[in-house]
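Enquirer: First the structure, which I've put down as structure tokens, then a few questions once you've had a look.
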Amino acid sequence: MHGLRLNPVPMKELFTPRQVARAIQVSESSVKRWCDKGSIPTQYTAGGHRRIPIGGLLAFLRSNRHAIVRPELLGLPAATGQTHRVIDRALDQFTEAMLRGDEELCRQVILDLYLAEHRVSVICDQVLARAFTELGDRWACGTIEVFQERRGCEIALRLLRELRSFLPAPQVGWPTAIGGTAAGDPYLLATATVELVLRDAGWNAVSLGSNLPFSTLAAAIEQQQPRLFWLSVSCIQNEDEFVRGCNELHERFGSQTAFVLGGRALADSVSCRIRCSGFCNNLHQLESFATANATTIAASITSAAPIADDLSNAPVEDAC
Ligand code: B12
């Protein structure tokens with residue numbers, strides 16, 4: 001059902017039908033039947049035995065609303081899949097757990113949201129980013145230590161990588177997207193969330209990381225020839241240089257590659273000087289845009305516009 005995978009999951013990270021059956025408390029033959037029907041993505045050993053990657057299994061359990069009775073057998077936090085999480089409660093729990101450095105609870109909250117079929121964009125916009133806003137505010141007021149913020153970032157990065165490993169691997173034919181942050185911008189989390197949301201929307205997306213000079217961003221676009229390039233903008237060292245760098249990239253590659261910018265440092269005074277395909281305030285907007293335009297994006301967008309929630313029919317207008 002998932003077609004040709006570019007990267008099969010290494011055999012040691014796979015579960016047997018028996019392990020899965022015990023974790024979700026169904027018969028082993030049911031699991032095997034789901035494998036053979038293609039409902040659960042399955043890999044096969046050289047000897048023809050079924051092996052199940054956790055990502056595909058979670059996607060199956062998620063869409064079938066199947067409980068995980070013994071999550072620990074799948075390497076998941078003990079109570080995963082047993083609590084119905086609503087976003088606001090999840091946000092409070094996640095924030096407090098992050099401040100305490102309770103990584104297992106953070107992991108459980110995020111996995112529960114994922115299993116409860118919340119979109120990755122919603123998890124990142126409504127829980128992760130809001131938790132970090134709270135963290136930043138408390139840091140600014142001096143009520144938490146710097147190490148709590150740094151530790152929170154480490155936890156969040158590990159969780160995002162784990163969530164990434166659960167999403168279906170990019171398949172042949174998915175459009176390519178790359179992006180990151182420009183020189184002087186050390187913020188890693190936002191660009192990692194953009195990558196995740198685009199992957200969830202069927203893009204072969206790769207974040208290049210943070211602090212990237214425009215010359216190397218140009219080299220990356222030249223080599224990879226992506227259909228979409230994103231820049232996450234959390235701080236700008238020098239506005240004029242930043243605007244010039246963006247516009248030079250767009251001038252050079254904008255006819256083949258859609259340019260999407262987002263992030264807290266994109267004030268109107270900056271964005272109205274930048275030529276790109278669109279600006280997003282959040283990942284939900286990006287997701288609508290990327291889903292609607294997965295096949296036509298490069299051809300359809302050539303002038304700067306704020307990205308509307310439903311872009312598929314939205315006219316492309318001037319941003320300023
Ligand atoms: C973590 C953090 C850091 C870490 C980052 C570590 C890392 N490796 O990433 C480090 C330690 C580097 C750092 C440093 C500093 N920080 Co800081 N930091 C934060 C904090 C707490 C979280 C930022 C974050 O990652 N959030 C999580 C991500 C997922 O959310 P997000 O960035 O909001 O992104 C969302 C949207 O903007 C959007 N988005 C973002 N990019 C894109 C791109 C696209 C294409 C799309 C579609 C969407 C999109 O989607 C995301 C999800 O919803 C913020 C607090 C805050 N309010 O954000 C302060 C904050 C930004 N930092 C602040 C400050 C003051 C600093 C320092 C100056 C502190 C110091 N004295 O050294 C330095 C400056 C560093 C620099 N060169 O600019 C202030 C900025 C105040 C201001 N008005 O500018 C803040 C707001 C804290 C506060 N409340 O005062 N910081």
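Simple scheme: letters A, B, ... for chains in structure tokens order, numbers from 1 for residues in each chain, numbers from 1 for ligands in the order shown.
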Would you tabulate, counting only C-alpha atoms and all ligand atoms, all residues of chain A that have an atom at most 7 Å from an atom of ligand 1, showing the closest pair of atoms and their distance in Å to one decimal, sorted by chain then ascending number, as a Markdown table?
Expert:
```
| residue | atom | partner | partner_atom_place_in_ligand_line | distance |
| --- | --- | --- | --- | --- |
| A:Cys124 | CA | ligand 1 | 52 (C) | 5.4 |
| A:Asp125 | CA | ligand 1 | 53 (O) | 3.5 |
| A:Gln126 | CA | ligand 1 | 53 (O) | 6.9 |
| A:Leu128 | CA | ligand 1 | 29 (C) | 5.9 |
| A:Ala129 | CA | ligand 1 | 30 (O) | 3.9 |
| A:Phe132 | CA | ligand 1 | 22 (C) | 4.7 |
| A:Thr133 | CA | ligand 1 | 57 (N) | 3.6 |
| A:Glu134 | CA | ligand 1 | 57 (N) | 6.9 |
| A:Leu135 | CA | ligand 1 | 21 (C) | 5.4 |
| A:Gly136 | CA | ligand 1 | 21 (C) | 3.8 |
| A:Asp137 | CA | ligand 1 | 89 (N) | 3.9 |
| A:Trp139 | CA | ligand 1 | 88 (C) | 6.7 |
| A:Ala140 | CA | ligand 1 | 90 (O) | 4.7 |
| A:Glu149 | CA | ligand 1 | 1 (C) | 6.3 |
| A:Arg150 | CA | ligand 1 | 11 (C) | 6.4 |
| A:Cys153 | CA | ligand 1 | 1 (C) | 6.0 |
| A:Gly184 | CA | ligand 1 | 77 (N) | 5.7 |
| A:Asp185 | CA | ligand 1 | 77 (N) | 5.4 |
| A:Pro186 | CA | ligand 1 | 12 (C) | 5.3 |
| A:Tyr187 | CA | ligand 1 | 9 (O) | 3.4 |
| A:Leu188 | CA | ligand 1 | 9 (O) | 3.8 |
| A:Leu189 | CA | ligand 1 | 25 (O) | 4.7 |
| A:Ala190 | CA | ligand 1 | 29 (C) | 4.0 |
| A:Thr191 | CA | ligand 1 | 41 (N) | 5.9 |
| A:Thr193 | CA | ligand 1 | 29 (C) | 6.2 |
| A:Val194 | CA | ligand 1 | 44 (C) | 5.9 |
| A:Trp230 | CA | ligand 1 | 45 (C) | 4.8 |
| A:Leu231 | CA | ligand 1 | 45 (C) | 5.4 |
| A:Ser232 | CA | ligand 1 | 43 (C) | 3.6 |
| A:Val233 | CA | ligand 1 | 41 (N) | 5.5 |
| A:Ser234 | CA | ligand 1 | 32 (O) | 6.0 |
| A:Cys235 | CA | ligand 1 | 78 (O) | 5.0 |
| A:Val260 | CA | ligand 1 | 45 (C) | 5.3 |
| A:Leu261 | CA | ligand 1 | 45 (C) | 4.4 |
| A:Gly262 | CA | ligand 1 | 43 (C) | 3.5 |
| A:Gly263 | CA | ligand 1 | 40 (C) | 3.4 |
| A:Arg264 | CA | ligand 1 | 37 (O) | 4.6 |
| A:Cys280 | CA | ligand 1 | 47 (C) | 4.5 |
| A:Asn281 | CA | ligand 1 | 48 (C) | 5.7 |
| A:Asn282 | CA | ligand 1 | 50 (O) | 4.3 |
| A:Leu283 | CA | ligand 1 | 47 (C) | 4.9 |
| A:Gln285 | CA | ligand 1 | 47 (C) | 6.8 |
| A:Leu286 | CA | ligand 1 | 47 (C) | 4.8 |
```
Enquirer: Counting only C-alpha atoms, which residues of stretch 184-303 of chain A fall within 12 Å of stretch 107-120 of chain A, and what is the closest atom pair for each with its distance in Å at one decimal, ordered by chain and rising number, as CSV?
Expert:
```
residue,atom,partner,partner_atom,distance
A:Ala192,CA,A:Val120,CA,11.9
A:Thr193,CA,A:Val120,CA,8.6
A:Val194,CA,A:Val120,CA,9.9
A:Glu195,CA,A:Val120,CA,10.7
A:Leu196,CA,A:Val120,CA,7.4
A:Val197,CA,A:Val120,CA,6.1
A:Leu198,CA,A:Val120,CA,9.6
A:Arg199,CA,A:Val120,CA,9.7
A:Asp200,CA,A:Val120,CA,7.2
A:Ala201,CA,A:Val120,CA,9.5
A:Leu283,CA,A:Val120,CA,8.9
A:His284,CA,A:Arg119,CA,8.9
A:Leu286,CA,A:Val120,CA,11.7
A:Glu287,CA,A:Val120,CA,9.4
A:Ser288,CA,A:Arg119,CA,11.6
```
Enquirer: Now that the selection is made, can you save its residues with N, CA and C atoms as a PDB file, in the first residue's frame?
Expert:
```
ATOM      1  N   ALA A 192      13.028  21.989  11.590  1.00  0.00           N
ATOM      2  CA  ALA A 192      12.763  20.542  11.709  1.00  0.00           C
ATOM      3  C   ALA A 192      11.250  20.262  11.633  1.00  0.00           C
ATOM      4  N   THR A 193      10.436  21.168  12.183  1.00  0.00           N
ATOM      5  CA  THR A 193       8.983  20.938  12.115  1.00  0.00           C
ATOM      6  C   THR A 193       8.472  21.124  10.677  1.00  0.00           C
ATOM      7  N   VAL A 194       9.070  22.060   9.956  1.00  0.00           N
ATOM      8  CA  VAL A 194       8.658  22.268   8.557  1.00  0.00           C
ATOM      9  C   VAL A 194       8.927  20.980   7.761  1.00  0.00           C
ATOM     10  N   GLU A 195      10.109  20.419   7.972  1.00  0.00           N
ATOM     11  CA  GLU A 195      10.449  19.171   7.271  1.00  0.00           C
ATOM     12  C   GLU A 195       9.407  18.089   7.546  1.00  0.00           C
ATOM     13  N   LEU A 196       9.045  17.973   8.818  1.00  0.00           N
ATOM     14  CA  LEU A 196       8.108  16.925   9.228  1.00  0.00           C
ATOM     15  C   LEU A 196       6.737  17.105   8.572  1.00  0.00           C
ATOM     16  N   VAL A 197       6.266  18.336   8.573  1.00  0.00           N
ATOM     17  CA  VAL A 197       4.936  18.611   8.025  1.00  0.00           C
ATOM     18  C   VAL A 197       4.918  18.367   6.517  1.00  0.00           C
ATOM     19  N   LEU A 198       5.985  18.739   5.846  1.00  0.00           N
ATOM     20  CA  LEU A 198       6.035  18.500   4.399  1.00  0.00           C
ATOM     21  C   LEU A 198       6.107  16.998   4.115  1.00  0.00           C
ATOM     22  N   ARG A 199       6.862  16.265   4.919  1.00  0.00           N
ATOM     23  CA  ARG A 199       6.915  14.805   4.725  1.00  0.00           C
ATOM     24  C   ARG A 199       5.543  14.198   4.924  1.00  0.00           C
ATOM     25  N   ASP A 200       4.840  14.691   5.930  1.00  0.00           N
ATOM     26  CA  ASP A 200       3.495  14.186   6.208  1.00  0.00           C
ATOM     27  C   ASP A 200       2.551  14.506   5.043  1.00  0.00           C
ATOM     28  N   ALA A 201       2.874  15.577   4.309  1.00  0.00           N
ATOM     29  CA  ALA A 201       2.007  15.984   3.198  1.00  0.00           C
ATOM     30  C   ALA A 201       2.473  15.374   1.869  1.00  0.00           C
ATOM     31  N   LEU A 283       2.414  26.221  10.509  1.00  0.00           N
ATOM     32  CA  LEU A 283       2.578  24.999   9.720  1.00  0.00           C
ATOM     33  C   LEU A 283       1.267  24.536   9.113  1.00  0.00           C
ATOM     34  N   HIS A 284       0.176  24.905   9.755  1.00  0.00           N
ATOM     35  CA  HIS A 284      -1.122  24.538   9.207  1.00  0.00           C
ATOM     36  C   HIS A 284      -1.296  25.173   7.821  1.00  0.00           C
ATOM     37  N   LEU A 286       1.127  26.071   5.845  1.00  0.00           N
ATOM     38  CA  LEU A 286       2.060  25.409   4.935  1.00  0.00           C
ATOM     39  C   LEU A 286       1.485  24.080   4.459  1.00  0.00           C
ATOM     40  N   GLU A 287       0.867  23.361   5.373  1.00  0.00           N
ATOM     41  CA  GLU A 287       0.328  22.049   5.035  1.00  0.00           C
ATOM     42  C   GLU A 287      -0.764  22.164   3.962  1.00  0.00           C
ATOM     43  N   SER A 288      -1.666  23.137   4.137  1.00  0.00           N
ATOM     44  CA  SER A 288      -2.727  23.305   3.126  1.00  0.00           C
ATOM     45  C   SER A 288      -2.090  23.600   1.776  1.00  0.00           C
TER      46      SER A 288
END
```
Enquirer: What is the atom CA of A:Glu154-atom CA of A:Leu217 distance in Å, reported with one decimal?
Expert: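 So the answer is 25.0 Å.
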Enquirer: Which of stretch 97-284 of chain A end up as alpha helix (DSSP H) when DSSP is run on this backbone - answer as number ranges by chain?
Expert: A: 97-100, 103-115, 120-122, 129-141, 146-166, 189-200, 214-224, 239-253, 268-271, 283-284
Enquirer: Pick out the residues sitting within 12 Å of A:Asn238, and hand them over as a list in words; count only C-alpha atoms, and ignore anything fewer than 2 positions along from it in its own chain.
Expert: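 So, after excluding close chain neighbours, the residues are Ala182, Ala183, Gly184, Asp185, Cys235, Ile236, Asp240, Glu241, Phe242, Val243, Arg244, Gly245, Ala265 and Val270 of chain A.
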Enquirer: Within 8 Å of A:Ile24, counting only C-alpha atoms, which residues qualify if same-chain residues fewer than 5 places away don't, as number ranges by chain?
Expert: A: 66-71
Enquirer: Tell me which of A:Gly101, A:Arg252, A:Arg130, A:Phe15 sits closest to A:Gln225, counting only C-alpha atoms.
Expert: A:Arg252
Enquirer: Which neighbours of A:Ile40 fall inside 8 Å, counting only C-alpha atoms, when residues of the same chain fewer than 6 positions from it are skipped, and could you give them as number ranges by chain?
Expert: A: 34, 52, 56-57, 60
Enquirer: Just give me the gap between atom CA of A:Ala90 and atom CA of A:Phe289 in Å, one decimal is fine.
Expert: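 Rounded to one decimal, the two atoms are 26.5 Å apart.
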Enquirer: Work out how far atom CA of A:Ala131 is from atom CA of A:Leu208, in Å to one decimal.
Expert: 24.1 Å
Enquirer: Which one is closest to A:Leu58: A:Phe279, A:Ser165, A:Lys37, A:Thr257? Count only C-alpha atoms.
Expert: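 Nearest to A:Leu58: A:Ser165.
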Enquirer: Hey, which of A:Ser269, A:Thr95, A:Ser255, A:Ser207 ends up closest to A:Ala156? Count only C-alpha atoms.
Expert: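 Checking each candidate against A:Ala156, we get A:Thr95 as the closest.
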Enquirer: Please determine, counting only C-alpha atoms, which residue among A:Leu61, A:Ala23, A:Cys276, A:Ala218 has the shortest atom-to-atom distance to A:Asn247.
Expert: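 Going through A:Leu61, A:Ala23, A:Cys276, A:Ala218 one by one, the smallest distance to A:Asn247 is for A:Cys276.
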Enquirer: Kindly indicate which residue among A:Val86, A:Arg33, A:Glu28, A:Gly152 lies nearest to A:Val122, using only C-alpha atoms for the distances.
Expert: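 Nearest to A:Val122: A:Val86.
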